[in-house]
>>> print(open('input23.txt').read())   # compact mmCIF, C-alpha atoms (C1' of nucleotides)
# COMPACT_ATOMS: atom_id res chain seq x y z
CA MET A 25 73.27 131.65 99.75
CA PRO A 26 73.76 127.95 99.79
CA GLU A 27 76.01 125.71 101.86
CA LEU A 28 75.03 123.71 104.91
CA PRO A 29 75.26 126.56 107.45
CA GLU A 30 73.23 128.95 105.32
CA VAL A 31 70.59 126.33 104.70
CA GLU A 32 70.49 125.43 108.39
CA VAL A 33 69.99 129.05 109.40
CA LEU A 34 67.32 129.47 106.75
CA VAL A 35 65.50 126.35 107.90
CA ARG A 36 65.47 127.57 111.50
CA HIS A 37 64.17 130.91 110.30
CA LEU A 38 61.42 129.56 108.08
CA ARG A 39 60.19 126.68 110.23
CA PRO A 40 58.06 128.69 112.67
CA LEU A 41 56.89 131.03 109.92
CA LEU A 42 55.54 128.20 107.80
CA GLN A 43 54.20 125.94 110.52
CA ASN A 44 50.52 125.17 109.87
CA LYS A 45 50.29 127.66 107.02
CA LYS A 46 47.97 126.61 104.24
CA VAL A 47 48.77 127.02 100.58
CA ARG A 48 45.90 128.82 98.90
CA ARG A 49 47.32 129.21 95.46
CA VAL A 50 50.41 128.13 93.56
CA GLU A 51 52.16 130.21 90.95
CA VAL A 52 54.96 128.62 88.97
CA ARG A 53 56.87 131.19 86.97
CA ARG A 54 59.78 128.99 85.94
CA ALA A 55 58.81 125.36 85.46
CA LYS A 56 62.43 124.26 85.26
CA VAL A 57 62.90 124.46 89.03
CA LEU A 58 60.20 121.81 89.59
CA ALA A 59 61.80 119.22 87.31
CA PRO A 60 61.13 116.40 86.98
CA THR A 61 57.78 117.22 88.60
CA SER A 62 55.28 118.76 86.18
CA VAL A 63 53.61 122.09 86.84
CA ARG A 64 50.25 120.37 86.85
CA LYS A 65 51.22 117.78 89.45
CA PHE A 66 53.01 120.38 91.57
CA ALA A 67 50.02 122.70 91.64
CA ARG A 68 47.53 119.90 92.21
CA THR A 69 49.54 118.48 95.11
CA LEU A 70 50.35 121.74 96.86
CA THR A 71 47.11 123.64 96.52
CA HIS A 72 45.23 123.51 99.85
CA ALA A 73 48.06 121.60 101.51
CA ARG A 74 49.38 122.65 104.91
CA PHE A 75 52.99 122.91 106.09
CA THR A 76 53.67 120.53 108.95
CA GLY A 77 57.45 120.50 109.22
CA LEU A 78 60.78 121.60 107.84
CA ARG A 79 64.23 120.13 108.23
CA ARG A 80 67.59 120.12 106.49
CA ARG A 81 69.56 117.34 104.82
CA GLY A 82 72.92 118.44 103.45
CA LYS A 83 72.13 121.55 101.42
CA TYR A 84 68.53 120.46 100.85
CA LEU A 85 65.45 121.82 102.58
CA LEU A 86 62.87 119.14 103.31
CA PHE A 87 59.38 120.52 103.77
CA THR A 88 56.65 118.18 104.95
CA LEU A 89 53.04 119.00 104.16
CA ARG A 90 49.68 117.37 104.52
CA GLY A 91 47.11 117.52 101.78
CA VAL A 92 43.68 118.68 102.91
CA ASN A 93 41.52 116.34 100.93
CA SER A 94 43.70 113.29 100.69
CA ARG A 95 45.29 113.83 104.12
CA ALA A 96 48.33 112.14 102.70
CA PRO A 97 51.54 113.65 104.03
CA PHE A 98 54.13 114.40 101.39
CA MET A 99 57.55 115.95 101.02
CA LEU A 100 58.65 119.01 99.14
CA VAL A 101 62.37 119.14 98.41
CA GLY A 102 64.14 122.47 98.04
CA HIS A 103 67.66 123.34 96.96
CA LEU A 104 69.05 126.85 96.58
CA GLY A 105 71.56 126.14 93.85
CA MET A 106 74.01 129.04 93.68
CA THR A 107 71.71 132.01 93.97
CA GLY A 108 68.44 130.74 95.43
CA ARG A 109 66.56 132.40 98.27
CA MET A 110 63.39 131.58 100.12
CA TYR A 111 61.45 134.07 102.20
CA LEU A 112 58.02 135.50 102.91
CA LEU A 113 56.63 138.74 101.56
CA PRO A 114 53.33 140.40 102.35
CA THR A 115 50.67 139.43 99.82
CA GLY A 116 50.44 142.07 97.17
CA SER A 117 54.04 143.27 97.33
CA GLN A 118 55.89 143.30 94.08
CA LEU A 119 57.50 140.02 93.13
CA PRO A 120 61.25 139.92 92.51
CA LYS A 121 62.40 139.66 88.93
CA HIS A 122 63.55 136.07 89.27
CA ALA A 123 60.73 134.67 91.40
CA ALA A 124 60.53 131.04 90.29
CA VAL A 125 57.69 129.84 92.51
CA VAL A 126 55.18 131.75 94.63
CA LEU A 127 52.98 130.05 97.22
CA ASP A 128 50.09 132.18 98.41
CA LEU A 129 49.71 131.53 102.14
CA GLY A 130 47.00 134.10 102.77
CA ARG A 131 48.53 137.21 104.26
CA GLN A 132 51.92 136.34 102.93
CA ASN A 133 53.52 134.82 99.89
CA PHE A 134 56.26 132.26 100.19
CA ILE A 135 58.81 133.19 97.53
CA PHE A 136 61.41 130.95 95.95
CA GLU A 137 63.62 133.30 94.03
CA ASP A 138 66.65 132.18 92.04
CA THR A 139 68.56 134.42 89.67
CA ARG A 140 70.34 131.63 87.87
CA TYR A 141 67.61 129.02 88.25
CA PHE A 142 70.04 126.30 89.30
CA GLY A 143 67.93 125.59 92.39
CA ARG A 144 65.00 123.26 92.85
CA LEU A 145 61.63 123.11 94.54
CA THR A 146 60.25 119.74 93.65
CA LEU A 147 58.31 116.67 94.72
CA ASP A 148 61.16 114.49 93.47
CA GLN A 149 63.30 113.07 96.27
CA THR A 150 65.84 111.04 94.35
CA ALA A 151 68.66 113.56 94.74
CA THR A 152 68.74 113.22 98.51
CA ASP A 153 69.24 109.46 98.28
CA ARG A 154 72.83 109.91 97.19
CA LEU A 155 73.89 112.03 100.14
CA GLY A 156 76.54 110.93 102.60
CA PRO A 157 76.33 111.41 106.38
CA GLU A 158 75.37 114.65 108.05
CA PRO A 159 78.63 116.21 109.25
CA LEU A 160 77.10 117.43 112.52
CA GLU A 161 75.45 114.16 113.45
CA ALA A 162 76.66 110.91 114.96
CA GLY A 163 76.94 109.07 111.64
CA PHE A 164 79.91 111.21 110.72
CA THR A 165 83.04 110.03 112.53
CA PRO A 166 86.78 110.13 111.89
CA ALA A 167 86.49 106.47 110.96
CA SER A 168 83.68 107.04 108.45
CA LEU A 169 85.55 109.97 106.95
CA SER A 170 88.73 107.91 106.70
CA LYS A 171 86.88 105.12 104.98
CA GLY A 172 85.30 107.54 102.52
CA LEU A 173 88.71 108.88 101.56
CA GLN A 174 90.39 105.50 101.09
CA ARG A 175 89.72 104.82 97.46
CA SER A 176 90.14 108.27 96.03
CA GLY A 177 93.25 109.78 94.55
CA GLN A 178 91.48 113.09 94.06
CA PRO A 179 92.86 116.17 95.80
CA ILE A 180 91.26 116.41 99.24
CA LYS A 181 89.68 119.78 98.41
CA VAL A 182 87.88 118.28 95.41
CA LYS A 183 86.83 115.22 97.41
CA LEU A 184 85.24 117.37 100.11
CA LEU A 185 82.81 118.70 97.51
CA ASP A 186 81.56 115.15 96.89
CA GLN A 187 78.16 115.10 98.62
CA SER A 188 78.26 111.32 98.98
CA LEU A 189 81.37 111.59 101.19
CA VAL A 190 79.72 113.99 103.60
CA ALA A 191 76.67 116.14 102.90
CA GLY A 192 76.62 119.91 102.90
CA ILE A 193 80.17 121.13 102.34
CA GLY A 194 80.53 123.50 99.40
CA ASN A 195 83.32 125.48 97.81
CA ILE A 196 83.62 128.01 100.61
CA TYR A 197 83.68 125.69 103.61
CA ALA A 198 85.93 123.16 101.86
CA SER A 199 88.67 125.79 101.74
CA GLU A 200 87.85 126.98 105.25
CA ALA A 201 87.95 123.49 106.76
CA LEU A 202 91.29 122.63 105.15
CA PHE A 203 92.78 125.88 106.38
CA ARG A 204 91.59 125.17 109.88
CA ALA A 205 93.03 121.66 109.71
CA ALA A 206 96.28 122.98 108.20
CA ILE A 207 96.11 120.51 105.34
CA SER A 208 97.09 121.21 101.76
CA PRO A 209 94.11 121.25 99.38
CA PHE A 210 96.26 119.36 96.84
CA LEU A 211 96.99 116.34 99.03
CA PRO A 212 95.40 113.21 97.51
CA ALA A 213 92.45 112.05 99.63
CA ASN A 214 93.86 108.58 100.19
CA ARG A 215 97.17 109.92 101.40
CA LEU A 216 95.95 111.73 104.49
CA LYS A 217 97.43 110.31 107.68
CA ILE A 218 95.09 109.22 110.45
CA SER A 219 96.01 112.27 112.47
CA GLU A 220 95.19 114.49 109.51
CA VAL A 221 91.83 112.83 108.99
CA ALA A 222 91.07 113.41 112.64
CA ARG A 223 92.05 117.07 112.37
CA LEU A 224 89.98 117.49 109.24
CA TRP A 225 86.96 115.88 110.90
CA ARG A 226 87.20 118.32 113.77
CA ALA A 227 87.82 121.25 111.45
CA ILE A 228 84.78 120.48 109.32
CA ARG A 229 82.52 120.42 112.34
CA ALA A 230 84.07 123.51 113.87
CA VAL A 231 83.83 125.54 110.69
CA LEU A 232 80.21 124.58 110.04
CA ASN A 233 79.15 125.08 113.65
CA GLU A 234 80.84 128.44 113.81
CA ALA A 235 79.10 129.59 110.64
CA ILE A 236 75.72 128.43 111.91
CA GLY A 237 76.33 130.19 115.22
CA CYS A 238 77.18 133.36 113.39
CA GLY A 239 74.04 133.25 111.32
CA SER A 240 71.92 132.40 114.31
CA THR A 241 72.91 135.48 116.25
CA VAL A 242 72.86 137.99 113.44
CA PRO A 243 69.64 139.47 112.05
CA LEU A 244 70.05 138.29 108.49
CA ASP A 245 68.52 139.96 105.51
CA TYR A 246 66.69 137.09 103.84
CA PRO A 247 64.96 138.89 100.98
CA GLY A 248 68.19 140.73 100.21
CA GLU A 249 66.81 144.22 100.49
CA GLY A 250 69.99 145.47 102.05
CA LYS A 251 72.51 147.08 99.79
CA ARG A 252 74.70 144.22 98.76
CA ASP A 253 73.08 140.82 98.68
CA GLY A 254 70.75 138.69 100.74
CA LEU A 255 73.90 138.60 102.62
CA PHE A 256 75.24 135.81 104.62
CA TYR A 257 78.73 135.39 103.36
CA PHE A 258 80.25 138.80 103.21
CA GLY A 259 77.75 141.26 104.46
CA ARG A 260 75.08 141.79 107.03
CA ALA A 261 71.69 143.28 107.59
CA PRO A 262 71.63 147.04 108.15
CA GLY A 263 72.70 147.97 111.66
CA THR A 264 74.72 144.83 112.32
CA PRO A 265 78.22 145.40 113.71
CA ASP A 266 81.16 145.38 111.33
CA PHE A 267 82.96 142.42 112.86
CA TYR A 268 80.44 140.02 111.43
CA GLU A 269 81.80 140.61 107.97
CA GLU A 270 85.15 138.90 108.05
CA ARG A 271 84.03 135.46 109.08
CA LEU A 272 85.92 133.62 106.41
CA ARG A 273 89.62 133.09 106.99
CA VAL A 274 90.77 132.29 103.46
CA TYR A 275 87.86 132.10 101.01
CA ASP A 276 87.94 134.94 98.48
CA ARG A 277 90.93 136.43 100.27
CA ALA A 278 93.66 135.97 97.68
CA ASP A 279 96.68 138.21 98.35
CA LEU A 280 95.38 139.16 101.78
CA PRO A 281 97.41 138.13 104.84
CA CYS A 282 96.85 134.73 106.43
CA PRO A 283 95.22 135.33 109.82
CA THR A 284 97.71 132.93 111.40
CA CYS A 285 101.10 133.75 109.85
CA GLY A 286 100.60 136.79 107.65
CA THR A 287 101.69 135.08 104.44
CA ALA A 288 99.64 136.07 101.40
CA ILE A 289 96.68 133.77 100.76
CA LYS A 290 96.81 132.04 97.38
CA ARG A 291 94.09 131.24 94.91
CA SER A 292 94.29 128.14 92.75
CA VAL A 293 91.84 126.29 90.50
CA GLN A 294 90.82 122.68 91.14
CA ALA A 295 88.06 120.91 89.24
CA ALA A 296 87.23 124.26 87.65
CA ARG A 297 86.59 125.90 91.02
CA SER A 298 88.62 128.32 93.09
CA THR A 299 90.55 127.07 96.08
CA PHE A 300 92.00 129.46 98.65
CA TYR A 301 94.77 128.46 101.04
CA CYS A 302 97.80 129.62 102.95
CA PRO A 303 100.90 128.26 101.22
CA LYS A 304 102.83 128.25 104.49
CA CYS A 305 100.29 126.93 107.00
CA GLN A 306 98.99 124.34 104.53
CA ARG A 307 102.24 123.05 103.11
CA ARG A 308 102.24 119.83 101.20
CA ARG A 309 104.07 116.81 102.43
CA ALA A 310 105.79 114.50 100.00
C1' DC B 15 84.42 141.68 75.51
C1' DA B 16 86.66 138.74 79.24
C1' DC B 17 86.37 136.32 83.36
C1' DC B 18 84.33 135.19 87.69
C1' DA B 19 80.46 133.37 90.85
C1' DT B 20 77.84 129.83 97.26
C1' DG B 21 75.99 123.71 92.81
C1' DT B 22 74.57 119.53 90.57
C1' DT B 23 73.98 116.46 86.71
C1' DC B 24 75.09 114.38 82.54
C1' DC B 25 78.27 112.67 79.21
C1' DT B 26 82.60 110.96 77.86
C1' DT B 27 86.94 108.81 78.55
C1' DG B 28 90.06 105.67 80.55
C1' DC C 19 81.25 98.81 87.06
C1' DC C 20 84.02 102.81 88.67
C1' DA C 21 86.85 107.12 88.92
C1' DA C 22 87.74 111.40 87.01
C1' DG C 23 87.32 115.43 84.02
C1' DG C 24 84.71 118.67 81.57
C1' DA C 25 80.62 120.81 79.69
C1' DA C 26 76.11 122.40 80.48
C1' DC C 27 72.62 124.85 82.88
C1' DA C 28 71.46 130.78 83.30
C1' DT C 29 72.20 135.33 84.91
C1' DG C 30 74.68 139.03 86.66
C1' DG C 31 78.83 141.58 88.63
C1' DT C 32 83.28 143.57 87.85
>>> encode(input="input23.txt", output="structure tokens")
Amino acid sequence: MPELPEVEVLVRHLRPLLQNKKVRRVEVRRAKVLAPTSVRKFARTLTHARFTGLRRRGKYLLFTLRGVNSRAPFMLVGHLGMTGRMYLLPTGSQLPKHAAVVLDLGRQNFIFEDTRYFGRLTLDQTATDRLGPEPLEAGFTPASLSKGLQRSGQPIKVKLLDQSLVAGIGNIYASEALFRAAISPFLPANRLKISEVARLWRAIRAVLNEAIGCGSTVPLDYPGEGKRDGLFYFGRAPGTPDFYEERLRVYDRADLPCPTCGTAIKRSVQAARSTFYCPKCQRRRA
DNA sequence: CACCATGTTCCTTG
DNA sequence: CCAAGGAACATGGT
């Protein structure tokens, strides 16, 4: 469940649950997710360490811990990839099939589960160095966005997925933001007018904030024990009202009516990924 | 069997 | 050096 809003909601959920919890034992079931950190170093560093903080940067989760013996604070960097999840389970409950890392916290286990193993839980921080500004913070402005788009002839939809432009937008919210800004996903990044950049800037923030707000008010099913998924995108925890389902205006809605004009939503492929848009509301200029 | 999937990195090409 | 495109990673759903 991984774009900025999902990670933000997860971070808010986990922060109080992990605060001051001590790692008693480390179980690495899929060493790949630690790379380039070795299993040995990971286990040695984390065992007996205590969680002191958790924040988000783009789609990354940044855990801070303090080692007991060394007292040296250190950072643990998490990324959910496409299918990653992080949650707590009572100690002793059966582990999910694709549990990649298990941290024994005493009464509970912290689980990092990832079906496809594209995610990460590592001591390596280099990936976060390449991230652009946080879209919901002051460093992200219409001017900074405009500057970032200047030298790129890539379609704006593809450019929005570039994490060095702005951190945290993924394939879903790229389509959603462009729909909200009424901009064609095919328009070259360096050809957006100032007014369009301004609209896109607002749309990005609105779309992300709306998604976070949605997640914050709905009791989400983190371990994914509900019927469908660990649902954030399309579903909900049992007992949650129906209207929380259709939060996305165009993503994965090919052939369904545009919420604004009723025209059928189209699906196209850009950079080997699906793009969804309304061909009427998001018409291309010359 | 075919194609699709919320992401990132690496390699090649120009 | 940089921009851009494509494959690779790995598993499961339809």
>>> interface_residues(input="input23.txt", of="chain A", to="chain C", cutoff="8 Å", atoms="only C-alpha atoms (C1' of nucleotides)", output="list of chain:residue names")
A:Thr139, A:Arg140, A:Tyr141, A:Phe142, A:Ser176, A:Ala295
>>> atom_distance(input="input23.txt", atom1="CA of Asp148 (chain A)", atom2="C1' of DA19 (chain B)")
27.1 Å
>>> atom_distance(input="input23.txt", atom1="CA of Ile289 (chain A)", atom2="CA of Gln187 (chain A)")
26.4 Å
>>> interface_residues(input="input23.txt", of="chain B", to="chain A", cutoff="9 Å", atoms="all atoms listed in the file", output="ChimeraX atom specification")
/B:19-22
>>> atom_distance(input="input23.txt", atom1="CA of Asp153 (chain A)", atom2="CA of Arg80 (chain A)")
13.6 Å
>>> closest_residue(input="input23.txt", among="A:Val293, A:Val57, A:Ala222, A:Ala213", to="Glu137 (chain A)", atoms="all atoms listed in the file")
A:Val57
>>> residues_around(input="input23.txt", residues="Leu41 (chain A)", least_positions_apart="5", cutoff="12 Å", atoms="all atoms listed in the file", output="PyMOL selection string")
chain A and resi 34-36+46+75-78+110-113+129+131-134
>>> residues_around(input="input23.txt", residues="region 227-229 of chain A", least_positions_apart="6", cutoff="6 Å", atoms="all atoms listed in the file", output="PyMOL selection string")
chain A and resi 201+204-205
